[in-house]
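Raw contents of input-v6.pdb, PDB, C-alpha atoms:
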```pdb
ATOM      1  CA  MET A  60      82.444   6.935  44.015
ATOM      2  CA  THR A  61      80.857   9.884  42.244
ATOM      3  CA  SER A  62      77.521   9.905  40.405
ATOM      4  CA  MET A  63      79.549   9.610  37.199
ATOM      5  CA  GLU A  64      81.039   6.296  38.311
ATOM      6  CA  ALA A  65      79.670   2.841  38.950
ATOM      7  CA  ALA A  66      81.119  -0.426  40.142
ATOM      8  CA  ALA A  67      81.392  -2.872  37.273
ATOM      9  CA  PRO A  68      80.686  -6.612  37.695
ATOM     10  CA  ASP A  69      84.440  -7.278  37.621
ATOM     11  CA  GLY A  70      84.974  -4.813  40.483
ATOM     12  CA  ALA A  71      86.443  -1.978  38.405
ATOM     13  CA  SER A  72      85.024   1.546  38.471
ATOM     14  CA  VAL A  73      84.239   3.283  35.202
ATOM     15  CA  ALA A  74      83.351   6.892  34.528
ATOM     16  CA  TRP A  75      80.148   7.348  32.531
ATOM     17  CA  PRO A  76      78.576  10.487  31.004
ATOM     18  CA  PHE A  77      75.344   9.713  32.875
ATOM     19  CA  ASP A  78      74.204   8.465  36.279
ATOM     20  CA  ILE A  79      74.282   4.666  36.370
ATOM     21  CA  ARG A  80      73.620   2.174  39.137
ATOM     22  CA  PRO A  81      73.948  -1.627  39.007
ATOM     23  CA  LEU A  82      70.700  -3.530  39.504
ATOM     24  CA  SER A  83      72.132  -6.847  40.644
ATOM     25  CA  VAL A  84      75.410  -8.703  41.003
ATOM     26  CA  LEU A  85      74.458 -10.830  37.993
ATOM     27  CA  MET A  86      73.513  -8.271  35.355
ATOM     28  CA  GLY A  87      71.728  -5.022  34.686
ATOM     29  CA  ALA A  88      72.146  -1.343  35.458
ATOM     30  CA  GLU A  89      69.691   1.521  35.605
ATOM     31  CA  ILE A  90      70.531   4.799  33.913
ATOM     32  CA  LEU A  91      69.079   7.872  35.564
ATOM     33  CA  ASN A  92      68.641  11.487  34.522
ATOM     34  CA  LEU A  93      69.150  10.852  30.813
ATOM     35  CA  GLU A  94      66.361  12.170  28.584
ATOM     36  CA  LEU A  95      65.961  10.078  25.439
ATOM     37  CA  SER A  96      63.161  11.972  23.712
ATOM     38  CA  GLU A  97      65.849  14.302  22.341
ATOM     39  CA  PRO A  98      68.780  13.183  20.133
ATOM     40  CA  ILE A  99      71.863  11.854  21.907
ATOM     41  CA  ASP A 100      75.374  12.641  20.731
ATOM     42  CA  ASN A 101      77.981  10.077  19.673
ATOM     43  CA  ALA A 102      79.765  10.119  23.023
ATOM     44  CA  VAL A 103      76.613   9.181  24.904
ATOM     45  CA  ARG A 104      75.719   6.549  22.307
ATOM     46  CA  ASP A 105      79.156   4.962  22.584
ATOM     47  CA  ALA A 106      78.946   5.020  26.384
ATOM     48  CA  ILE A 107      75.553   3.290  26.257
ATOM     49  CA  LEU A 108      77.031   0.552  24.050
ATOM     50  CA  ALA A 109      79.961   0.160  26.442
ATOM     51  CA  ALA A 110      77.554  -0.099  29.375
ATOM     52  CA  LEU A 111      75.490  -2.668  27.471
ATOM     53  CA  ASN A 112      78.601  -4.774  26.832
ATOM     54  CA  ARG A 113      79.435  -4.577  30.538
ATOM     55  CA  TYR A 114      76.005  -4.979  32.154
ATOM     56  CA  LYS A 115      74.082  -6.818  29.369
ATOM     57  CA  LEU A 116      70.841  -5.057  30.313
ATOM     58  CA  LEU A 117      70.145  -1.345  30.784
ATOM     59  CA  VAL A 118      67.046   0.316  32.251
ATOM     60  CA  PHE A 119      66.499   3.951  31.321
ATOM     61  CA  ARG A 120      64.156   5.333  33.965
ATOM     62  CA  SER A 121      61.389   7.931  33.684
ATOM     63  CA  GLN A 122      61.185   8.200  29.896
ATOM     64  CA  ASP A 123      58.351   9.709  27.844
ATOM     65  CA  LEU A 124      58.774   8.292  24.341
ATOM     66  CA  SER A 125      56.516   8.485  21.331
ATOM     67  CA  LYS A 126      56.943   5.780  18.696
ATOM     68  CA  ASP A 127      58.943   8.234  16.590
ATOM     69  CA  ALA A 128      61.245   9.052  19.509
ATOM     70  CA  LEU A 129      61.755   5.363  20.257
ATOM     71  CA  LEU A 130      62.609   4.738  16.607
ATOM     72  CA  ALA A 131      65.045   7.671  16.496
ATOM     73  CA  PHE A 132      66.856   6.477  19.631
ATOM     74  CA  THR A 133      67.016   2.873  18.413
ATOM     75  CA  ARG A 134      68.445   3.913  15.033
ATOM     76  CA  ARG A 135      71.497   5.372  16.804
ATOM     77  CA  PHE A 136      72.622   1.787  17.407
ATOM     78  CA  GLY A 137      72.192   0.301  13.950
ATOM     79  CA  GLU A 138      69.748  -1.053  11.424
ATOM     80  CA  LEU A 139      66.198  -1.705  12.612
ATOM     81  CA  GLU A 140      64.260  -4.804  11.698
ATOM     82  CA  PRO A 141      60.456  -5.188  11.712
ATOM     83  CA  HIS A 142      58.815  -8.291  13.133
ATOM     84  CA  VAL A 143      58.617 -11.249  10.753
ATOM     85  CA  ASN A 144      54.932 -11.543  11.701
ATOM     86  CA  ARG A 145      53.199  -8.741   9.807
ATOM     87  CA  ASP A 146      50.379  -8.716  12.378
ATOM     88  CA  PHE A 147      52.889  -7.399  14.932
ATOM     89  CA  ARG A 148      53.892  -4.263  13.017
ATOM     90  CA  SER A 149      52.544  -0.830  13.953
ATOM     91  CA  ALA A 150      50.598   1.052  11.291
ATOM     92  CA  GLY A 151      52.867   3.763   9.909
ATOM     93  CA  ALA A 152      55.832   2.507  11.949
ATOM     94  CA  PRO A 153      56.459  -1.134  10.948
ATOM     95  CA  GLU A 154      59.698  -1.324  12.953
ATOM     96  CA  VAL A 155      57.704  -0.837  16.174
ATOM     97  CA  HIS A 156      56.145  -4.008  17.570
ATOM     98  CA  PRO A 157      53.274  -3.339  20.023
ATOM     99  CA  VAL A 158      53.512  -5.911  22.834
ATOM    100  CA  ASN A 159      50.215  -6.073  24.707
ATOM    101  CA  ASN A 160      47.315  -8.157  25.986
ATOM    102  CA  LEU A 161      44.613  -6.163  24.184
ATOM    103  CA  ASP A 162      41.876  -7.740  22.075
ATOM    104  CA  GLU A 163      40.519  -6.429  18.768
ATOM    105  CA  ASN A 164      38.464  -3.876  20.724
ATOM    106  CA  GLN A 165      41.573  -2.677  22.596
ATOM    107  CA  ARG A 166      40.370  -4.168  25.876
ATOM    108  CA  PRO A 167      42.458  -6.253  28.290
ATOM    109  CA  SER A 168      42.210  -9.950  27.527
ATOM    110  CA  ARG A 169      43.618 -13.244  28.750
ATOM    111  CA  GLY A 170      43.829 -14.372  25.134
ATOM    112  CA  ILE A 171      47.512 -13.737  24.312
ATOM    113  CA  LYS A 172      48.353 -12.818  20.717
ATOM    114  CA  ASN A 173      51.935 -14.041  20.839
ATOM    115  CA  ILE A 174      52.277 -16.738  23.455
ATOM    116  CA  GLY A 175      55.857 -17.331  22.327
ATOM    117  CA  ASN A 176      56.805 -14.280  24.425
ATOM    118  CA  TYR A 177      56.221 -16.441  27.501
ATOM    119  CA  SER A 178      58.855 -19.006  26.500
ATOM    120  CA  TRP A 179      62.594 -18.506  27.005
ATOM    121  CA  HIS A 180      64.101 -17.121  23.801
ATOM    122  CA  THR A 181      66.581 -14.689  22.316
ATOM    123  CA  ASP A 182      65.081 -12.347  19.747
ATOM    124  CA  LYS A 183      65.337 -13.213  16.065
ATOM    125  CA  SER A 184      67.833 -16.045  16.443
ATOM    126  CA  TYR A 185      65.941 -17.588  13.490
ATOM    127  CA  MET A 186      67.455 -14.912  11.203
ATOM    128  CA  ALA A 187      70.841 -15.141   9.455
ATOM    129  CA  ARG A 188      71.813 -11.937  11.293
ATOM    130  CA  PRO A 189      70.045 -12.159  14.652
ATOM    131  CA  SER A 190      69.380  -9.088  16.735
ATOM    132  CA  LEU A 191      72.082  -7.258  18.632
ATOM    133  CA  ALA A 192      69.704  -5.577  21.054
ATOM    134  CA  THR A 193      66.019  -5.269  21.850
ATOM    135  CA  LEU A 194      64.462  -2.131  23.322
ATOM    136  CA  LEU A 195      61.151  -2.381  25.162
ATOM    137  CA  TYR A 196      59.336   0.723  26.384
ATOM    138  CA  ALA A 197      56.560   0.633  28.984
ATOM    139  CA  VAL A 198      53.491   2.522  27.732
ATOM    140  CA  GLN A 199      50.900   1.139  30.185
ATOM    141  CA  LEU A 200      51.449  -1.285  33.059
ATOM    142  CA  PRO A 201      49.250  -3.346  35.365
ATOM    143  CA  PRO A 202      49.269  -2.318  39.057
ATOM    144  CA  THR A 203      51.468  -5.319  39.869
ATOM    145  CA  GLY A 204      53.128  -8.105  37.917
ATOM    146  CA  GLY A 205      53.748  -8.365  34.208
ATOM    147  CA  ASP A 206      57.455  -8.868  34.920
ATOM    148  CA  THR A 207      60.135  -9.909  32.428
ATOM    149  CA  GLU A 208      62.865 -12.408  33.291
ATOM    150  CA  PHE A 209      66.365 -12.507  31.791
ATOM    151  CA  ALA A 210      68.779 -15.449  31.944
ATOM    152  CA  ASP A 211      72.544 -14.999  31.547
ATOM    153  CA  VAL A 212      73.696 -17.723  29.152
ATOM    154  CA  GLN A 213      77.338 -16.649  29.479
ATOM    155  CA  ALA A 214      77.267 -17.233  33.247
ATOM    156  CA  ALA A 215      75.570 -20.570  32.575
ATOM    157  CA  TYR A 216      78.259 -21.578  30.081
ATOM    158  CA  ASP A 217      80.991 -20.587  32.543
ATOM    159  CA  ALA A 218      79.381 -22.841  35.161
ATOM    160  CA  LEU A 219      79.503 -25.957  32.965
ATOM    161  CA  PRO A 220      82.204 -28.559  33.650
ATOM    162  CA  GLU A 221      85.171 -28.220  31.303
ATOM    163  CA  ALA A 222      84.508 -31.649  29.815
ATOM    164  CA  ARG A 223      80.958 -30.620  28.958
ATOM    165  CA  LYS A 224      82.183 -27.416  27.307
ATOM    166  CA  ARG A 225      84.484 -29.476  25.077
ATOM    167  CA  GLU A 226      81.582 -31.733  24.095
ATOM    168  CA  LEU A 227      79.457 -28.741  23.081
ATOM    169  CA  GLN A 228      82.157 -26.890  21.176
ATOM    170  CA  GLY A 229      81.611 -27.193  17.439
ATOM    171  CA  LEU A 230      77.950 -28.214  17.648
ATOM    172  CA  ARG A 231      75.528 -26.144  15.599
ATOM    173  CA  LEU A 232      71.810 -25.602  16.134
ATOM    174  CA  VAL A 233      69.074 -25.125  13.599
ATOM    175  CA  HIS A 234      66.935 -22.073  14.453
ATOM    176  CA  SER A 235      63.502 -21.905  12.875
ATOM    177  CA  TRP A 236      60.634 -19.404  13.106
ATOM    178  CA  GLU A 237      58.259 -22.123  11.855
ATOM    179  CA  ARG A 238      59.412 -24.620  14.504
ATOM    180  CA  SER A 239      59.309 -21.940  17.206
ATOM    181  CA  ARG A 240      55.643 -21.274  16.443
ATOM    182  CA  GLN A 241      54.913 -24.987  16.693
ATOM    183  CA  LYS A 242      56.759 -25.413  19.990
ATOM    184  CA  SER A 243      54.969 -22.503  21.664
ATOM    185  CA  GLY A 244      51.531 -23.487  20.375
ATOM    186  CA  SER A 245      51.233 -20.216  18.464
ATOM    187  CA  LYS A 246      49.444 -19.520  15.202
ATOM    188  CA  PRO A 247      51.333 -21.439  12.457
ATOM    189  CA  ALA A 248      53.867 -19.546  10.376
ATOM    190  CA  THR A 249      52.493 -18.194   7.124
ATOM    191  CA  GLU A 250      54.082 -18.826   3.743
ATOM    192  CA  ASP A 251      55.303 -15.205   3.677
ATOM    193  CA  GLU A 252      56.940 -15.666   7.077
ATOM    194  CA  LYS A 253      58.594 -18.907   5.991
ATOM    195  CA  ARG A 254      60.069 -17.125   2.964
ATOM    196  CA  ASP A 255      61.228 -14.165   5.094
ATOM    197  CA  ALA A 256      62.738 -16.379   7.795
ATOM    198  CA  PRO A 257      63.837 -19.794   6.497
ATOM    199  CA  PRO A 258      65.702 -22.070   8.962
ATOM    200  CA  VAL A 259      69.289 -21.024   9.719
ATOM    201  CA  VAL A 260      72.189 -22.691  11.507
ATOM    202  CA  HIS A 261      74.196 -20.996  14.293
ATOM    203  CA  PRO A 262      76.878 -22.205  16.726
ATOM    204  CA  LEU A 263      75.525 -23.650  19.962
ATOM    205  CA  VAL A 264      78.383 -21.901  21.790
ATOM    206  CA  ARG A 265      78.448 -18.292  20.636
ATOM    207  CA  THR A 266      81.350 -15.875  21.136
ATOM    208  CA  HIS A 267      80.332 -12.324  21.930
ATOM    209  CA  PRO A 268      81.900 -10.061  19.272
ATOM    210  CA  ALA A 269      82.622  -7.191  21.677
ATOM    211  CA  THR A 270      83.755  -8.998  24.836
ATOM    212  CA  GLY A 271      84.983 -12.372  23.570
ATOM    213  CA  ARG A 272      82.960 -14.226  26.216
ATOM    214  CA  LYS A 273      81.285 -17.483  25.274
ATOM    215  CA  GLY A 274      77.663 -18.335  25.947
ATOM    216  CA  LEU A 275      74.969 -20.865  25.091
ATOM    217  CA  TYR A 276      72.989 -19.687  22.064
ATOM    218  CA  ILE A 277      69.732 -21.510  22.719
ATOM    219  CA  GLY A 278      66.035 -20.786  23.362
ATOM    220  CA  ASN A 279      62.592 -21.518  21.985
ATOM    221  CA  HIS A 280      63.548 -20.497  18.423
ATOM    222  CA  THR A 281      65.900 -23.477  18.194
ATOM    223  CA  SER A 282      64.746 -26.633  16.460
ATOM    224  CA  HIS A 283      67.461 -29.269  16.822
ATOM    225  CA  VAL A 284      71.182 -29.977  16.592
ATOM    226  CA  ASP A 285      72.425 -29.918  13.017
ATOM    227  CA  GLY A 286      73.297 -33.473  11.967
ATOM    228  CA  TRP A 287      71.547 -35.102  14.935
ATOM    229  CA  SER A 288      68.146 -36.726  15.107
ATOM    230  CA  LEU A 289      65.320 -34.420  16.128
ATOM    231  CA  THR A 290      64.757 -36.356  19.366
ATOM    232  CA  GLU A 291      68.413 -36.251  20.438
ATOM    233  CA  GLY A 292      68.787 -32.601  19.476
ATOM    234  CA  GLU A 293      65.671 -31.469  21.314
ATOM    235  CA  ALA A 294      66.767 -33.386  24.412
ATOM    236  CA  LEU A 295      70.128 -31.595  24.477
ATOM    237  CA  ILE A 296      68.523 -28.181  23.983
ATOM    238  CA  GLU A 297      66.042 -28.874  26.797
ATOM    239  CA  GLU A 298      68.855 -29.990  29.104
ATOM    240  CA  LEU A 299      70.913 -26.875  28.468
ATOM    241  CA  GLN A 300      67.956 -24.521  28.699
ATOM    242  CA  THR A 301      66.877 -26.006  32.026
ATOM    243  CA  PHE A 302      70.422 -25.532  33.301
ATOM    244  CA  ALA A 303      70.792 -21.970  31.967
ATOM    245  CA  THR A 304      67.499 -20.717  33.416
ATOM    246  CA  GLN A 305      68.108 -21.741  37.002
ATOM    247  CA  GLU A 306      67.224 -19.003  39.485
ATOM    248  CA  HIS A 307      70.826 -17.977  40.168
ATOM    249  CA  PHE A 308      71.309 -17.153  36.462
ATOM    250  CA  VAL A 309      68.107 -15.079  36.249
ATOM    251  CA  TYR A 310      67.272 -11.408  36.845
ATOM    252  CA  ARG A 311      63.592 -10.494  37.084
ATOM    253  CA  HIS A 312      62.691  -6.996  35.953
ATOM    254  CA  GLN A 313      59.748  -5.430  37.743
ATOM    255  CA  TRP A 314      58.571  -2.686  35.442
ATOM    256  CA  GLN A 315      58.117   0.925  36.507
ATOM    257  CA  PRO A 316      56.185   3.553  34.517
ATOM    258  CA  GLY A 317      58.444   5.143  31.910
ATOM    259  CA  ASP A 318      60.996   2.306  31.855
ATOM    260  CA  LEU A 319      62.884   1.675  28.633
ATOM    261  CA  VAL A 320      64.749  -1.628  28.890
ATOM    262  CA  MET A 321      67.539  -2.384  26.434
ATOM    263  CA  TRP A 322      69.185  -5.806  26.476
ATOM    264  CA  ASP A 323      71.857  -7.752  24.628
ATOM    265  CA  ASN A 324      70.356 -10.706  22.761
ATOM    266  CA  ARG A 325      73.808 -12.139  22.141
ATOM    267  CA  CYS A 326      74.164 -13.208  25.765
ATOM    268  CA  LEU A 327      70.685 -13.227  27.346
ATOM    269  CA  LEU A 328      67.512 -15.242  27.097
ATOM    270  CA  HIS A 329      64.266 -13.607  28.186
ATOM    271  CA  ARG A 330      60.587 -14.306  28.714
ATOM    272  CA  ALA A 331      57.523 -12.383  29.839
ATOM    273  CA  LEU A 332      55.590 -13.565  32.887
ATOM    274  CA  PRO A 333      51.772 -13.715  32.856
ATOM    275  CA  ASN A 334      51.735 -12.879  36.582
ATOM    276  CA  PHE A 335      48.950 -10.303  36.509
ATOM    277  CA  ALA A 336      45.184 -10.180  35.989
ATOM    278  CA  MET A 337      45.244 -10.083  32.188
ATOM    279  CA  GLU A 338      41.488  -9.902  31.815
ATOM    280  CA  ARG A 339      41.346  -6.773  34.013
ATOM    281  CA  HIS A 340      44.530  -4.795  33.383
ATOM    282  CA  ALA A 341      46.347  -3.700  30.212
ATOM    283  CA  ARG A 342      50.046  -4.300  29.744
ATOM    284  CA  VAL A 343      51.235  -2.269  26.749
ATOM    285  CA  LEU A 344      54.852  -1.924  25.625
ATOM    286  CA  ASN A 345      56.508  -0.819  22.390
ATOM    287  CA  ARG A 346      59.409  -2.884  21.062
ATOM    288  CA  THR A 347      62.186  -2.185  18.592
ATOM    289  CA  VAL A 348      65.056  -4.431  17.524
ATOM    290  CA  VAL A 349      68.565  -3.628  16.268
ATOM    291  CA  ARG A 350      69.920  -6.087  13.708
ATOM    292  CA  GLY A 351      73.226  -7.696  14.683
ATOM    293  CA  ASP A 352      76.005  -9.790  13.138
ATOM    294  CA  ILE A 353      76.287 -13.395  12.024
ATOM    295  CA  PRO A 354      77.002 -15.496  15.164
ATOM    296  CA  VAL A 355      80.408 -17.128  15.492
TER     297      VAL A 355
END
```

Produce structure tokens that represent the structure in this file.
Amino acid sequence: MTSMEAAAPDGASVAWPFDIRPLSVLMGAEILNLELSEPIDNAVRDAILAALNRYKLLVFRSQDLSKDALLAFTRRFGELEPHVNRDFRSAGAPEVHPVNNLDENQRPSRGIKNIGNYSWHTDKSYMARPSLATLLYAVQLPPTGGDTEFADVQAAYDALPEARKRELQGLRLVHSWERSRQKSGSKPATEDEKRDAPPVVHPLVRTHPATGRKGLYIGNHTSHVDGWSLTEGEALIEELQTFATQEHFVYRHQWQPGDLVMWDNRCLLHRALPNFAMERHARVLNRTVVRGDIPV
């Protein structure tokens, strides 16, 4: 196997125009020796998308990215979307969401601005066109900890009994930014946010548009099952989420300086872990999101 090849999860070898190495048997691959501060050509972009479809999560090592460079790279994959919460938009670059534990004086703090990040979710599922991919770039990291976990909801769906899959097929979930804020104990949604992101309905079992694989489209942004009582719907969502986030469906990313992590929101849940001394150490990352398609 040459440096231009990597073993795929299905056992096949694929030639890539960059050095790539799988991170686990479940998901993820790291891409080495690819500089993203300069424009990439269409062949590299298409190869990155192919790798994302195959591995679901990509880690570009040793990057040095300004906000402008991160924006330019992200735009190669589609339309960007700023955060629905206007407090989470960078000045001069609203499509960049600073993810950090800094207070108003830019000092490390245990008071978390967006505690919803610490619940299992898939980005922007409360939008009519949820995100295709999220990109998160490490600007400053604590000495240890501050990890991010990813759960493979396609592997979880595959593991369900066939009878259970038939029961879930055709069910639709209501996704709601307002309800998500309530469930996580976050600051309530503003009237502007409610107008920008009214509740939407998506299939509980989502088919990936590029691979055709099915997965559970769930997470903290869900409210209930459309047509069911709130109690029954929340119970089903909790059951499925507990199942889908078992350890054998989860990859934990331990950040390294210069990491840019890109993941597929159509088939992964994720959450940040508060496993570091927040009051002593800063954890600063820049986030961009690529708008996707209507789930089917």

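Distance check against Arg223 in chain A using all atoms listed in the file: of A:Leu299, A:Leu200, A:Met186, A:Val260, the minimum falls on A:Leu299.
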
In Å, with one decimal, what is the gap from CA of Asp78 in chain A to CA of Leu191 in chain A? 23.7 Å

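Comparing A:Asn101, A:Thr203, A:Thr249, A:Asn160 by their smallest distance to Phe335 in chain A, the closest is A:Thr203 (using only C-alpha atoms).
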
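Those residues returned by the PyMOL selection byres ((chain A and resi 132) around 9) for this file are Leu95, Ser96, Glu97, Pro98, Ile99, Asp127, Ala128, Leu129, Leu130, Ala131, Thr133, Arg134, Arg135 and Phe136 of chain A.
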
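Using all atoms listed in the file for every distance, the candidate list A:Lys273, A:Arg346, A:Gly204, A:Thr290 yields A:Arg346 as the residue closest to Glu154 in chain A.
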
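With distances taken over all atoms listed in the file, A:Phe209 is the one residue among A:Lys242, A:Phe209, A:Asp255, A:Glu293 lying closest to Glu306 in chain A.
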
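Residues near the point (61.5, -14.4, 17.4), at a distance of 10 Å or less over only C-alpha atoms, make up His142, Val143, Asn144, Gly175, Asn176, His180, Thr181, Asp182, Lys183, Ser184, Tyr185, Met186, Pro189, Ser190, His234, Ser235, Trp236, Ser239, Arg240, Ala256, Gly278, Asn279 and His280 of chain A.
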
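Nearest residue to Pro268 in chain A, choosing from A:Arg325, A:Arg330, A:Lys253, A:Lys126 and counting only C-alpha atoms: A:Arg325.
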
Run the PyMOL selection byres ((chain A and resi 267) around 12) mentally over the shown coordinates, then write out the matched residues as a ChimeraX atom specification, using the chain letters and numbers from the document. /A:112-113,115,191,212-213,262,264-266,268-276,323-327,351-355

For the PyMOL selection byres ((chain A and resi 166) around 12), applied here, can you spell out every residue it catches as a compact mmCIF listing (two decimals) with C-alpha atoms, keeping the file's coordinate frame?
```txt
# COMPACT_ATOMS: atom_id res chain seq x y z
CA ASN A 159 50.22 -6.07 24.71
CA ASN A 160 47.32 -8.16 25.99
CA LEU A 161 44.61 -6.16 24.18
CA ASP A 162 41.88 -7.74 22.08
CA GLU A 163 40.52 -6.43 18.77
CA ASN A 164 38.46 -3.88 20.72
CA GLN A 165 41.57 -2.68 22.60
CA PRO A 167 42.46 -6.25 28.29
CA SER A 168 42.21 -9.95 27.53
CA ARG A 169 43.62 -13.24 28.75
CA GLY A 170 43.83 -14.37 25.13
CA MET A 337 45.24 -10.08 32.19
CA GLU A 338 41.49 -9.90 31.82
CA ARG A 339 41.35 -6.77 34.01
CA HIS A 340 44.53 -4.80 33.38
CA ALA A 341 46.35 -3.70 30.21
CA ARG A 342 50.05 -4.30 29.74
CA VAL A 343 51.24 -2.27 26.75
```

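When only C-alpha atoms are used to measure the gap to Asp217 in chain A, the shortest distance among A:Ile296, A:Val233, A:Phe302, A:Trp287 belongs to A:Phe302.
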
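CA of Leu124 in chain A to CA of Val198 in chain A spans 8.5 Å [interatomic distance, one decimal].
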
Some atoms are missing, so please complete range 160-184 of chain A with N, CA and C atoms and return it as a compact mmCIF listing (two decimals), in the frame of the given file.
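Full text of out-v1.txt as output:
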```txt
# COMPACT_ATOMS: atom_id res chain seq x y z
N ASN A 160 48.34 -7.13 25.76
CA ASN A 160 47.32 -8.16 25.99
C ASN A 160 45.93 -7.62 25.62
N LEU A 161 45.87 -6.77 24.60
CA LEU A 161 44.61 -6.16 24.18
C LEU A 161 43.95 -6.98 23.08
N ASP A 162 42.61 -7.04 23.12
CA ASP A 162 41.88 -7.74 22.08
C ASP A 162 41.60 -6.80 20.90
N GLU A 163 40.79 -7.24 19.95
CA GLU A 163 40.52 -6.43 18.77
C GLU A 163 39.76 -5.15 19.09
N ASN A 164 39.15 -5.09 20.27
CA ASN A 164 38.46 -3.88 20.72
C ASN A 164 39.31 -3.04 21.67
N GLN A 165 40.61 -3.39 21.76
CA GLN A 165 41.57 -2.68 22.60
C GLN A 165 41.22 -2.77 24.08
N ARG A 166 40.68 -3.92 24.47
CA ARG A 166 40.37 -4.17 25.88
C ARG A 166 41.29 -5.26 26.41
N PRO A 167 41.61 -5.20 27.71
CA PRO A 167 42.46 -6.25 28.29
C PRO A 167 41.84 -7.63 28.10
N SER A 168 42.69 -8.60 27.81
CA SER A 168 42.21 -9.95 27.53
C SER A 168 43.23 -10.98 27.99
N ARG A 169 42.72 -12.14 28.40
CA ARG A 169 43.62 -13.24 28.75
C ARG A 169 44.08 -13.99 27.50
N GLY A 170 43.40 -13.77 26.38
CA GLY A 170 43.83 -14.37 25.13
C GLY A 170 45.08 -13.67 24.61
N ILE A 171 46.23 -14.35 24.64
CA ILE A 171 47.51 -13.74 24.31
C ILE A 171 47.78 -13.89 22.82
N LYS A 172 48.10 -12.78 22.16
CA LYS A 172 48.35 -12.82 20.72
C LYS A 172 49.62 -13.61 20.38
N ASN A 173 50.66 -13.39 21.13
CA ASN A 173 51.94 -14.04 20.84
C ASN A 173 52.42 -14.78 22.08
N ILE A 174 51.94 -16.01 22.24
CA ILE A 174 52.28 -16.74 23.46
C ILE A 174 53.74 -17.16 23.48
N GLY A 175 54.43 -17.04 22.33
CA GLY A 175 55.86 -17.33 22.33
C GLY A 175 56.66 -16.41 23.22
N ASN A 176 56.11 -15.21 23.53
CA ASN A 176 56.80 -14.28 24.42
C ASN A 176 56.99 -14.87 25.81
N TYR A 177 56.19 -15.87 26.16
CA TYR A 177 56.22 -16.44 27.50
C TYR A 177 57.11 -17.68 27.58
N SER A 178 57.85 -17.95 26.51
CA SER A 178 58.86 -19.01 26.50
C SER A 178 60.24 -18.36 26.45
N TRP A 179 61.23 -19.03 27.03
CA TRP A 179 62.59 -18.51 27.00
C TRP A 179 63.09 -18.44 25.57
N HIS A 180 63.60 -17.27 25.17
CA HIS A 180 64.10 -17.12 23.80
C HIS A 180 65.06 -15.94 23.73
N THR A 181 65.78 -15.86 22.64
CA THR A 181 66.58 -14.69 22.32
C THR A 181 66.08 -14.18 20.97
N ASP A 182 65.83 -12.89 20.88
CA ASP A 182 65.08 -12.35 19.75
C ASP A 182 65.78 -12.58 18.41
N LYS A 183 64.96 -13.08 17.47
CA LYS A 183 65.34 -13.21 16.07
C LYS A 183 66.53 -14.13 15.83
N SER A 184 66.74 -15.10 16.70
CA SER A 184 67.83 -16.05 16.44
C SER A 184 67.56 -16.89 15.21
```
